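query05.txt (compact mmCIF, C-alpha atoms) appears below.
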# COMPACT_ATOMS: atom_id res chain seq x y z
CA MET A 991 -145.58 -4.20 163.94
CA THR A 992 -145.72 -8.03 163.65
CA ASP A 993 -143.86 -10.44 165.93
CA THR A 994 -141.65 -11.37 162.95
CA ASP A 995 -140.79 -7.72 162.39
CA LYS A 996 -140.03 -7.27 166.09
CA SER A 997 -137.78 -10.36 166.20
CA SER A 998 -135.90 -9.19 163.11
CA ARG A 999 -135.55 -5.74 164.59
CA ASP A 1000 -134.27 -7.03 167.95
CA SER A 1001 -131.61 -9.13 166.23
CA ALA A 1002 -130.22 -5.94 164.70
CA VAL A 1003 -130.25 -3.91 167.93
CA SER A 1004 -126.95 -2.61 169.21
CA LEU A 1005 -126.73 -0.49 172.33
CA ALA A 1006 -123.53 1.18 173.46
CA LEU A 1007 -123.04 1.78 177.19
CA VAL A 1008 -120.28 3.41 179.23
CA ALA A 1009 -119.77 3.03 182.99
CA GLY A 1010 -116.71 4.57 184.60
CA GLU A 1011 -116.54 3.09 188.10
CA THR A 1012 -117.86 0.36 190.39
CA SER A 1013 -121.16 2.04 191.25
CA GLY A 1014 -121.87 2.59 187.55
CA ASP A 1015 -120.98 -1.02 186.78
CA ILE A 1016 -123.50 -2.17 189.39
CA LEU A 1017 -126.20 0.03 187.88
CA GLY A 1018 -125.23 -1.13 184.41
CA GLY A 1019 -125.46 -4.78 185.42
CA HIS A 1020 -129.00 -4.31 186.76
CA LEU A 1021 -130.00 -2.35 183.67
CA LEU A 1022 -128.60 -4.92 181.25
CA SER A 1023 -130.42 -7.75 183.02
CA ALA A 1024 -133.72 -5.97 182.31
CA LEU A 1025 -132.74 -4.91 178.77
CA ARG A 1026 -131.88 -8.49 177.84
CA LEU A 1027 -135.39 -9.59 178.83
CA ARG A 1028 -136.85 -6.99 176.46
CA MET A 1029 -134.26 -7.28 173.67
CA PRO A 1030 -132.66 -10.70 174.12
CA ASN A 1031 -130.89 -10.68 170.76
CA GLY A 1032 -129.31 -7.27 171.22
CA HIS A 1033 -125.59 -6.54 171.10
CA TYR A 1034 -124.40 -4.57 174.15
CA TYR A 1035 -120.91 -3.11 174.13
CA GLY A 1036 -118.74 -0.14 175.14
CA ILE A 1037 -116.94 0.32 178.49
CA GLY A 1038 -118.01 -1.47 181.64
CA GLY A 1039 -116.99 -3.70 184.51
CA PRO A 1040 -117.47 -7.30 185.68
CA ARG A 1041 -121.15 -7.01 186.59
CA MET A 1042 -121.98 -5.75 183.11
CA VAL A 1043 -119.80 -8.41 181.51
CA GLU A 1044 -121.75 -11.05 183.45
CA GLN A 1045 -124.80 -9.90 181.47
CA GLY A 1046 -123.15 -10.54 178.11
CA PHE A 1047 -121.69 -7.03 177.75
CA VAL A 1048 -118.53 -6.61 175.64
CA SER A 1049 -116.14 -4.04 177.15
CA HIS A 1050 -113.62 -2.63 174.67
CA TRP A 1051 -111.59 -0.85 177.36
CA ALA A 1052 -110.96 -1.57 181.02
CA MET A 1053 -113.39 0.42 183.13
CA GLU A 1054 -110.55 1.30 185.52
CA LYS A 1055 -109.11 3.58 182.83
CA LEU A 1056 -111.94 6.01 183.64
CA SER A 1057 -111.93 5.55 187.44
CA VAL A 1058 -110.00 8.70 188.25
CA ASN A 1059 -111.25 11.13 190.91
CA GLY A 1060 -110.38 14.79 191.53
CA PHE A 1061 -109.51 17.78 189.36
CA PHE A 1062 -105.74 17.34 189.27
CA GLU A 1063 -105.91 13.55 189.21
CA VAL A 1064 -108.11 13.68 186.11
CA PHE A 1065 -105.76 16.23 184.53
CA ALA A 1066 -102.81 13.86 185.01
CA HIS A 1067 -104.64 11.18 182.98
CA PHE A 1068 -106.30 13.59 180.56
CA ARG A 1069 -104.49 12.52 177.40
CA GLU A 1070 -105.27 8.82 177.83
CA ILE A 1071 -108.92 9.42 178.78
CA LYS A 1072 -109.43 11.85 175.90
CA GLY A 1073 -107.89 9.33 173.50
CA ILE A 1074 -110.36 6.67 174.63
CA ARG A 1075 -113.31 9.05 174.28
CA ASP A 1076 -112.24 10.24 170.82
CA HIS A 1077 -111.77 6.69 169.57
CA LEU A 1078 -115.10 5.57 170.98
CA ARG A 1079 -116.90 8.59 169.49
CA GLU A 1080 -115.56 7.92 166.00
CA THR A 1081 -116.35 4.21 166.27
CA LEU A 1082 -119.94 4.92 167.30
CA LYS A 1083 -120.46 7.56 164.62
CA ALA A 1084 -119.16 5.17 161.95
CA ASP A 1085 -121.44 2.33 163.11
CA PRO A 1086 -124.21 3.99 165.16
CA PRO A 1087 -125.93 2.13 167.99
CA VAL A 1088 -129.69 2.53 168.23
CA VAL A 1089 -129.16 4.25 171.61
CA PHE A 1090 -126.11 5.33 173.60
CA VAL A 1091 -126.36 4.99 177.39
CA GLY A 1092 -123.92 6.86 179.64
CA ILE A 1093 -124.01 5.62 183.22
CA ASP A 1094 -122.85 8.33 185.63
CA ALA A 1095 -119.17 9.36 184.90
CA PRO A 1096 -120.42 12.80 183.77
CA GLU A 1097 -117.00 14.26 182.99
CA PHE A 1098 -116.48 11.53 180.41
CA ASN A 1099 -120.03 10.82 179.27
CA LEU A 1100 -121.68 14.24 178.90
CA GLY A 1101 -119.22 15.50 176.30
CA LEU A 1102 -119.45 12.23 174.40
CA GLU A 1103 -123.24 12.27 174.58
CA ALA A 1104 -123.41 15.80 173.19
CA GLN A 1105 -121.29 14.82 170.18
CA LEU A 1106 -123.28 11.65 169.54
CA LYS A 1107 -126.63 13.40 169.91
CA SER A 1108 -125.57 16.04 167.39
CA ALA A 1109 -124.73 13.16 165.02
CA GLY A 1110 -128.29 11.82 165.32
CA ILE A 1111 -127.73 9.09 167.90
CA PRO A 1112 -130.29 9.12 170.77
CA THR A 1113 -128.58 9.42 174.15
CA VAL A 1114 -129.66 8.40 177.64
CA HIS A 1115 -127.78 9.47 180.75
CA VAL A 1116 -128.26 7.38 183.89
CA VAL A 1117 -127.75 9.15 187.26
CA GLY A 1118 -128.34 12.88 187.37
CA PRO A 1119 -125.04 14.77 187.80
CA SER A 1120 -124.85 16.70 191.04
CA VAL A 1121 -126.14 19.98 189.62
CA TRP A 1122 -127.81 20.66 192.98
CA ALA A 1123 -124.44 20.63 194.76
CA TRP A 1124 -121.95 22.28 192.43
CA ARG A 1125 -121.46 23.69 188.92
CA LYS A 1126 -125.17 24.47 188.56
CA GLY A 1127 -124.53 25.95 185.12
CA ARG A 1128 -123.90 22.42 183.92
CA ILE A 1129 -127.66 21.92 183.47
CA LYS A 1130 -127.33 23.64 180.08
CA THR A 1131 -124.64 21.16 179.06
CA ILE A 1132 -126.90 18.29 180.07
CA ALA A 1133 -129.76 19.72 178.00
CA ARG A 1134 -127.52 19.71 174.91
CA ALA A 1135 -126.21 16.23 175.61
CA VAL A 1136 -129.13 13.98 176.46
CA SER A 1137 -132.30 12.78 174.80
CA ARG A 1138 -133.51 11.53 178.19
CA ILE A 1139 -132.07 11.40 181.69
CA LEU A 1140 -132.84 8.65 184.20
CA VAL A 1141 -132.63 9.91 187.79
CA LEU A 1142 -132.38 7.95 191.01
CA PHE A 1143 -133.89 10.51 193.39
CA PRO A 1144 -137.36 12.10 193.32
CA PHE A 1145 -136.24 15.67 194.01
CA GLU A 1146 -134.31 15.64 190.72
CA ILE A 1147 -137.47 15.43 188.61
CA ASP A 1148 -138.30 19.11 188.99
CA ILE A 1149 -134.70 20.19 188.30
CA TYR A 1150 -134.70 18.61 184.85
CA GLN A 1151 -138.31 19.32 183.98
CA ARG A 1152 -137.74 23.05 184.58
CA ALA A 1153 -134.76 22.86 182.22
CA GLY A 1154 -136.87 21.17 179.54
CA ILE A 1155 -134.95 17.89 179.75
CA PRO A 1156 -137.00 14.67 179.36
CA VAL A 1157 -136.63 12.86 182.69
CA THR A 1158 -137.66 9.51 184.18
CA TYR A 1159 -137.48 8.77 187.91
CA VAL A 1160 -136.41 5.15 188.35
CA GLY A 1161 -135.62 4.97 192.08
CA HIS A 1162 -132.39 3.51 193.41
CA PRO A 1163 -131.48 -0.18 192.96
CA LEU A 1164 -129.93 -0.33 196.44
CA ALA A 1165 -133.37 0.24 197.96
CA GLY A 1166 -134.47 -3.13 196.55
CA LYS A 1167 -131.26 -4.92 197.46
CA ILE A 1168 -131.08 -3.82 201.10
CA PRO A 1169 -133.84 -5.09 203.43
CA GLU A 1170 -135.92 -2.55 205.31
CA GLU A 1171 -134.86 -4.17 208.58
CA ALA A 1172 -131.44 -5.81 208.50
CA ASP A 1173 -130.54 -8.84 210.62
CA MET A 1174 -128.05 -7.29 213.04
CA ALA A 1175 -127.71 -10.40 215.21
CA GLY A 1176 -127.09 -12.62 212.20
CA ALA A 1177 -124.52 -10.21 210.75
CA ARG A 1178 -122.61 -10.09 214.03
CA GLN A 1179 -122.61 -13.85 214.26
CA THR A 1180 -121.30 -14.10 210.69
CA LEU A 1181 -118.44 -11.72 211.50
CA GLY A 1182 -117.66 -13.27 214.88
CA LEU A 1183 -118.63 -10.15 216.82
CA SER A 1184 -120.06 -9.92 220.31
CA SER A 1185 -123.80 -9.30 220.39
CA SER A 1186 -123.54 -7.23 223.58
CA GLN A 1187 -120.76 -4.75 222.72
CA PRO A 1188 -121.06 -1.75 220.35
CA VAL A 1189 -119.87 -2.01 216.74
CA VAL A 1190 -118.52 0.84 214.62
CA ALA A 1191 -118.08 0.29 210.87
CA ILE A 1192 -115.44 2.36 209.09
CA LEU A 1193 -115.65 2.87 205.31
CA PRO A 1194 -112.77 5.09 204.12
CA GLY A 1195 -113.64 4.71 200.41
CA SER A 1196 -113.24 2.25 197.57
CA ARG A 1197 -110.76 4.19 195.41
CA LEU A 1198 -107.06 4.00 196.17
CA SER A 1199 -106.93 7.81 196.15
CA GLU A 1200 -109.61 7.85 198.86
CA LEU A 1201 -107.62 5.45 201.01
CA LYS A 1202 -104.57 7.66 200.50
CA TYR A 1203 -106.25 10.83 201.73
CA ASN A 1204 -108.86 9.47 204.17
CA GLY A 1205 -106.93 6.58 205.67
CA ALA A 1206 -104.85 8.27 208.36
CA ALA A 1207 -107.71 10.40 209.72
CA PHE A 1208 -110.16 7.48 209.76
CA ILE A 1209 -107.63 5.21 211.49
CA GLY A 1210 -106.81 7.96 213.98
CA ALA A 1211 -110.50 8.37 214.79
CA MET A 1212 -110.77 4.63 215.42
CA GLN A 1213 -107.79 4.71 217.77
CA ARG A 1214 -109.30 7.56 219.78
CA LEU A 1215 -112.68 5.86 220.01
CA ALA A 1216 -110.96 2.68 221.24
CA GLU A 1217 -109.12 4.67 223.92
CA ARG A 1218 -112.40 6.26 225.02
CA GLU A 1219 -114.38 2.99 225.07
CA PRO A 1220 -112.24 -0.16 224.80
CA ALA A 1221 -115.34 -2.36 224.37
CA ILE A 1222 -116.09 -0.94 220.89
CA GLN A 1223 -115.66 -3.46 218.08
CA PHE A 1224 -114.51 -2.15 214.69
CA VAL A 1225 -115.21 -3.57 211.22
CA ILE A 1226 -113.56 -2.17 208.09
CA PRO A 1227 -114.69 -3.66 204.75
CA MET A 1228 -112.38 -3.24 201.76
CA ALA A 1229 -113.63 -3.11 198.16
CA GLY A 1230 -110.97 -5.46 196.72
CA ASP A 1231 -107.62 -7.19 197.21
CA ILE A 1232 -105.56 -4.14 196.25
CA GLN A 1233 -107.48 -1.94 198.68
CA TYR A 1234 -107.11 -4.59 201.40
CA ARG A 1235 -103.33 -4.70 201.00
CA ARG A 1236 -103.03 -0.92 200.85
CA PHE A 1237 -105.10 -0.36 203.98
CA THR A 1238 -103.29 -3.16 205.83
CA GLU A 1239 -100.07 -1.23 205.27
CA GLN A 1240 -101.70 1.98 206.52
CA LEU A 1241 -102.81 0.18 209.69
CA ARG A 1242 -99.28 -1.15 210.21
CA GLN A 1243 -97.80 2.34 209.86
CA ALA A 1244 -100.33 3.79 212.32
CA GLY A 1245 -99.13 1.58 215.17
CA GLN A 1246 -101.24 0.03 217.92
CA MET A 1247 -104.67 -1.14 216.74
CA PRO A 1248 -107.72 -2.22 218.76
CA SER A 1249 -107.70 -5.98 219.34
CA SER A 1250 -111.36 -6.11 218.25
CA LEU A 1251 -110.61 -4.81 214.74
CA ARG A 1252 -111.91 -6.89 211.80
CA LEU A 1253 -110.51 -5.92 208.39
CA LEU A 1254 -112.77 -7.52 205.80
CA GLN A 1255 -112.43 -8.39 202.13
CA GLY A 1256 -115.79 -7.26 200.77
CA GLU A 1257 -118.78 -7.92 203.05
CA SER A 1258 -119.65 -4.23 203.31
CA HIS A 1259 -123.36 -4.95 203.70
CA THR A 1260 -122.70 -7.48 206.45
CA ALA A 1261 -120.54 -4.91 208.22
CA LEU A 1262 -123.24 -2.25 207.93
CA ALA A 1263 -125.95 -4.61 209.16
CA ALA A 1264 -123.78 -5.39 212.22
CA ALA A 1265 -122.94 -1.76 213.04
CA ASP A 1266 -124.33 0.63 215.63
CA ALA A 1267 -122.70 3.64 213.95
CA VAL A 1268 -120.61 4.29 210.84
CA LEU A 1269 -117.77 6.57 209.79
CA VAL A 1270 -118.06 6.76 206.00
CA ALA A 1271 -116.39 8.57 203.11
CA SER A 1272 -118.71 10.83 201.13
CA GLY A 1273 -120.20 9.06 198.12
CA THR A 1274 -122.66 6.31 197.26
CA ALA A 1275 -121.72 4.41 200.43
CA THR A 1276 -123.49 7.07 202.50
CA LEU A 1277 -126.76 6.06 200.86
CA GLU A 1278 -126.08 2.41 201.69
CA VAL A 1279 -125.55 3.39 205.33
CA ALA A 1280 -128.84 5.30 205.34
CA LEU A 1281 -130.70 2.34 203.81
CA PHE A 1282 -129.34 0.19 206.63
CA LYS A 1283 -130.80 2.86 209.01
CA LYS A 1284 -127.46 3.48 210.72
CA PRO A 1285 -126.32 6.73 212.37
CA MET A 1286 -123.27 8.01 210.54
CA VAL A 1287 -120.60 10.64 210.18
CA ILE A 1288 -119.74 11.63 206.59
CA ALA A 1289 -116.15 12.71 205.98
CA TYR A 1290 -113.77 13.27 203.10
CA ARG A 1291 -110.23 14.45 202.49
CA MET A 1292 -108.57 15.06 199.13
CA MET A 1293 -105.51 16.52 197.43
CA TRP A 1294 -104.87 20.08 198.65
CA GLY A 1295 -105.19 21.63 195.19
CA THR A 1296 -108.40 19.75 194.46
CA TRP A 1297 -109.86 21.00 197.75
CA GLN A 1298 -108.97 24.61 196.95
CA ILE A 1299 -111.19 24.35 193.87
CA ALA A 1300 -113.89 22.14 195.38
CA LYS A 1301 -114.55 24.36 198.41
CA ARG A 1302 -115.34 27.28 196.10
CA VAL A 1303 -117.90 25.41 194.03
CA VAL A 1304 -119.45 22.87 196.43
CA THR A 1305 -122.59 23.93 198.25
CA PRO A 1306 -123.43 21.91 201.39
CA PRO A 1307 -125.05 19.59 202.04
CA VAL A 1308 -122.93 17.15 200.04
CA GLY A 1309 -123.85 13.81 201.62
CA LEU A 1310 -126.72 12.04 199.88
CA PRO A 1311 -128.71 11.38 203.09
CA ASN A 1312 -128.63 15.09 203.92
CA ILE A 1313 -129.49 16.13 200.36
CA LEU A 1314 -132.45 13.77 200.24
CA ALA A 1315 -133.67 14.83 203.70
CA GLY A 1316 -133.34 18.53 202.89
CA GLU A 1317 -131.52 19.10 206.18
CA MET A 1318 -128.28 18.23 207.96
CA LEU A 1319 -129.43 14.97 209.52
CA VAL A 1320 -125.87 13.71 209.99
CA PRO A 1321 -122.58 15.60 210.30
CA GLU A 1322 -120.35 16.29 207.31
CA LEU A 1323 -116.67 16.93 207.99
CA PHE A 1324 -114.35 17.77 205.11
CA GLN A 1325 -110.62 18.34 204.68
CA ASP A 1326 -109.15 20.29 207.62
CA ASP A 1327 -112.29 19.69 209.70
CA ALA A 1328 -111.94 15.92 209.22
CA THR A 1329 -109.34 15.47 211.96
CA PRO A 1330 -109.15 12.26 214.00
CA GLU A 1331 -110.37 14.16 217.06
CA ASN A 1332 -113.37 15.71 215.33
CA LEU A 1333 -114.32 12.46 213.65
CA ALA A 1334 -114.10 10.50 216.90
CA ASP A 1335 -116.25 13.08 218.76
CA ALA A 1336 -118.89 13.05 216.01
CA VAL A 1337 -119.05 9.23 215.86
CA TRP A 1338 -119.29 9.10 219.66
CA ARG A 1339 -122.46 11.17 219.57
CA GLN A 1340 -123.97 9.03 216.79
CA LEU A 1341 -123.23 5.98 218.93
CA HIS A 1342 -124.71 7.24 222.21
CA ASP A 1343 -127.39 9.89 221.52
CA GLN A 1344 -130.50 7.71 221.72
CA PRO A 1345 -133.11 10.32 220.66
CA LEU A 1346 -130.96 11.12 217.62
CA ARG A 1347 -130.63 7.44 216.78
CA ARG A 1348 -134.41 6.95 216.88
CA LYS A 1349 -134.96 10.02 214.70
CA LEU A 1350 -132.44 8.81 212.11
CA HIS A 1351 -133.99 5.36 211.99
CA ASP A 1352 -137.43 6.83 211.27
CA ARG A 1353 -136.17 9.27 208.64
CA PHE A 1354 -134.05 6.66 206.88
CA THR A 1355 -136.99 4.25 206.81
CA GLN A 1356 -139.08 6.91 205.03
CA LEU A 1357 -136.21 7.45 202.60
CA HIS A 1358 -135.94 3.73 201.88
CA ARG A 1359 -139.62 3.47 200.97
CA LEU A 1360 -139.38 6.54 198.75
CA LEU A 1361 -136.49 5.10 196.73
CA LEU A 1362 -137.96 1.61 196.31
CA ARG A 1363 -138.91 1.22 192.64
CA ASP A 1364 -138.36 -1.29 189.84
CA THR A 1365 -135.23 0.63 188.88
CA ALA A 1366 -133.89 -1.73 186.23
CA GLY A 1367 -137.30 -2.29 184.66
CA LEU A 1368 -138.20 1.39 184.50
CA GLY A 1369 -134.78 2.26 183.07
CA ALA A 1370 -134.89 -0.49 180.47
CA GLN A 1371 -138.39 0.57 179.41
CA ALA A 1372 -137.29 4.19 178.90
CA ILE A 1373 -134.34 3.03 176.76
CA GLN A 1374 -136.50 0.64 174.77
CA ASP A 1375 -139.06 3.40 174.15
CA LEU A 1376 -136.29 5.60 172.75
CA ALA A 1377 -135.07 2.73 170.59
CA GLU A 1378 -138.61 2.15 169.30
CA LYS A 1379 -138.87 5.82 168.41
CA LYS A 1380 -135.58 5.63 166.54
CA TYR A 1381 -136.82 2.63 164.55
CA CYS A 1382 -140.12 4.29 163.72
CA HIS A 1383 -138.45 7.63 162.87
CA PRO A 1384 -134.93 6.72 161.69
CA THR A 1385 -134.14 10.25 160.52
CA GLN A 1386 -134.68 11.74 164.00
Target format structure tokens, applied to this file:
Amino acid sequence: MTDTDKSSRDSAVSLALVAGETSGDILGGHLLSALRLRMPNGHYYGIGGPRMVEQGFVSHWAMEKLSVNGFFEVFAHFREIKGIRDHLRETLKADPPVVFVGIDAPEFNLGLEAQLKSAGIPTVHVVGPSVWAWRKGRIKTIARAVSRILVLFPFEIDIYQRAGIPVTYVGHPLAGKIPEEADMAGARQTLGLSSSQPVVAILPGSRLSELKYNGAAFIGAMQRLAEREPAIQFVIPMAGDIQYRRFTEQLRQAGQMPSSLRLLQGESHTALAAADAVLVASGTATLEVALFKKPMVIAYRMMWGTWQIAKRVVTPPVGLPNILAGEMLVPELFQDDATPENLADAVWRQLHDQPLRRKLHDRFTQLHRLLLRDTAGLGAQAIQDLAEKKYCHPTQ
């Protein structure tokens, strides 16, 4: 293929992408930055957030429309979400992109990918759905839906290879963004914290539904820790202005707060760098905590009905650090077990058990090195290869 042919081809490239929440938008932004280097004249569109838009992406719907968590919560928004998916499917079938890329959001993307793939559009799914934790039968759905899956963790390779699904391990972008050894002293200075007193970071979640269900227990745990050791300093980073206002109201309703409390707008990485231990909601944030080499307690509460279903299908461990380690390195406390008392006791041990702290630092350092790859470059190359194949074999 000549350079002229390649330039003409790139000018005609259109790639559709869908991200459904903040973590997917971050991944999508990294991926688009690498794709634009390879296909600078391409048209990138679909559903995404601000980080993708920064890369020239055109989002036809607000990403927040898809940011719904939990069985019953999704059901309440089912009609609107289905309408978006149906409209997007018909639009893409009428004017097919060279490749469709679904970034996480498996409940939305897998069904769409299956329909697009059956219509002859190559599909890539980024982030392996948690088939190792729950709904293991979903691997068959994935096989029908994707032309290739890009996974962030090395243990996933065998899962998909055994199912006959083309898979590429790309590592995790956070491993490149977070330094192997964070500057704790600098982070504490930035936040105005004492260098000689312990710091506990509290991350109750980025979704409003997570603040609703986790907030009271996480705040209660903080109050009990402060009673036990008044010298502890607390930092609580919020994902956005709405979350900040909502959690401020929860703090007001809870009554007396430690005088050392710092409620932050953003700055989650600064808070984690400053911390000695972390109380964190289950999710991607647990991986960030591990990459900062911090002892942690993983906890989560949810709607009662959602929990009745989840506890029957979820197989521990659930926290990413424990899954990646293949053992329960850090405690996981869910629903009725995630009481303020239990959370405070668990964080206390993470704060003061020195042999445990040294073990976690060593294990998390190994994990960091394992996940460090050129994630965006490897992902963009896999997508470009699929696009090249589509150009060379347009009937496939």
| Which polymer residues have any atom within 6 Å of an atom of segment 1259-1268 of chain A, counting all atoms listed in the file, with same-chain residues fewer than 5 positions away left out, as an MDAnalysis selection string? | chainID A and resid 1172 1174 1177:1178 1189:1192 1284:1286 1341
Contact check, segment 1159-1198 of chain A to segment 1362-1368 of chain A, at most 12 Å, counting only C-alpha atoms, closest pairs as a Markdown table:
| residue | atom | partner | partner_atom | distance |
| --- | --- | --- | --- | --- |
| A:Tyr1159 | CA | A:Leu1368 | CA | 8.2 |
| A:Val1160 | CA | A:Thr1365 | CA | 4.7 |
| A:Gly1161 | CA | A:Arg1363 | CA | 5.0 |
| A:His1162 | CA | A:Thr1365 | CA | 6.1 |
| A:Pro1163 | CA | A:Thr1365 | CA | 5.6 |
| A:Leu1164 | CA | A:Leu1362 | CA | 8.3 |
| A:Ala1165 | CA | A:Leu1362 | CA | 5.1 |
| A:Gly1166 | CA | A:Leu1362 | CA | 5.9 |
| A:Lys1167 | CA | A:Leu1362 | CA | 9.4 |
| A:Ile1168 | CA | A:Leu1362 | CA | 10.0 |
| A:Pro1169 | CA | A:Leu1362 | CA | 10.6 |
| A:Glu1170 | CA | A:Leu1362 | CA | 10.1 |
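With all atoms listed in the file taken into account, the protein and nucleic acid residues at most 12 Å from Met1247 of chain A (excluding it and anything under 6 positions from it in its own chain) are Ile1209, Gly1210, Ala1211, Met1212, Gln1213, Arg1214, Leu1215, Ala1216, Glu1217, Pro1220, Gln1223, Phe1224, Thr1238, Gln1240, Leu1241 and Leu1253 of chain A.
The gap separating atom CA of Pro1306 of chain A from atom CA of Ser1013 of chain A is 22.4 Å, in Å to one decimal.
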| query | To one decimal place, how far is atom CA of Ala1370 of chain A from atom CA of Arg1128 of chain A in Å? | reply | 25.6 Å
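Put simply, atom CA of Gln1371 of chain A is 25.0 Å away from atom CA of Leu1277 of chain A.
Ranking A:Leu1142, A:Val1043, A:Leu1181, A:Ala1280 by their shortest atom-to-atom distance to Asp1352 of chain A, with all atoms listed in the file included, puts A:Ala1280 first.
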| field | Selection: 9 Å around Glu1257 of chain A, only C-alpha atoms, excl. self and same-chain fewer than 5 positions, as a VMD selection string | value | chain A and resid 1227 to 1229 1262
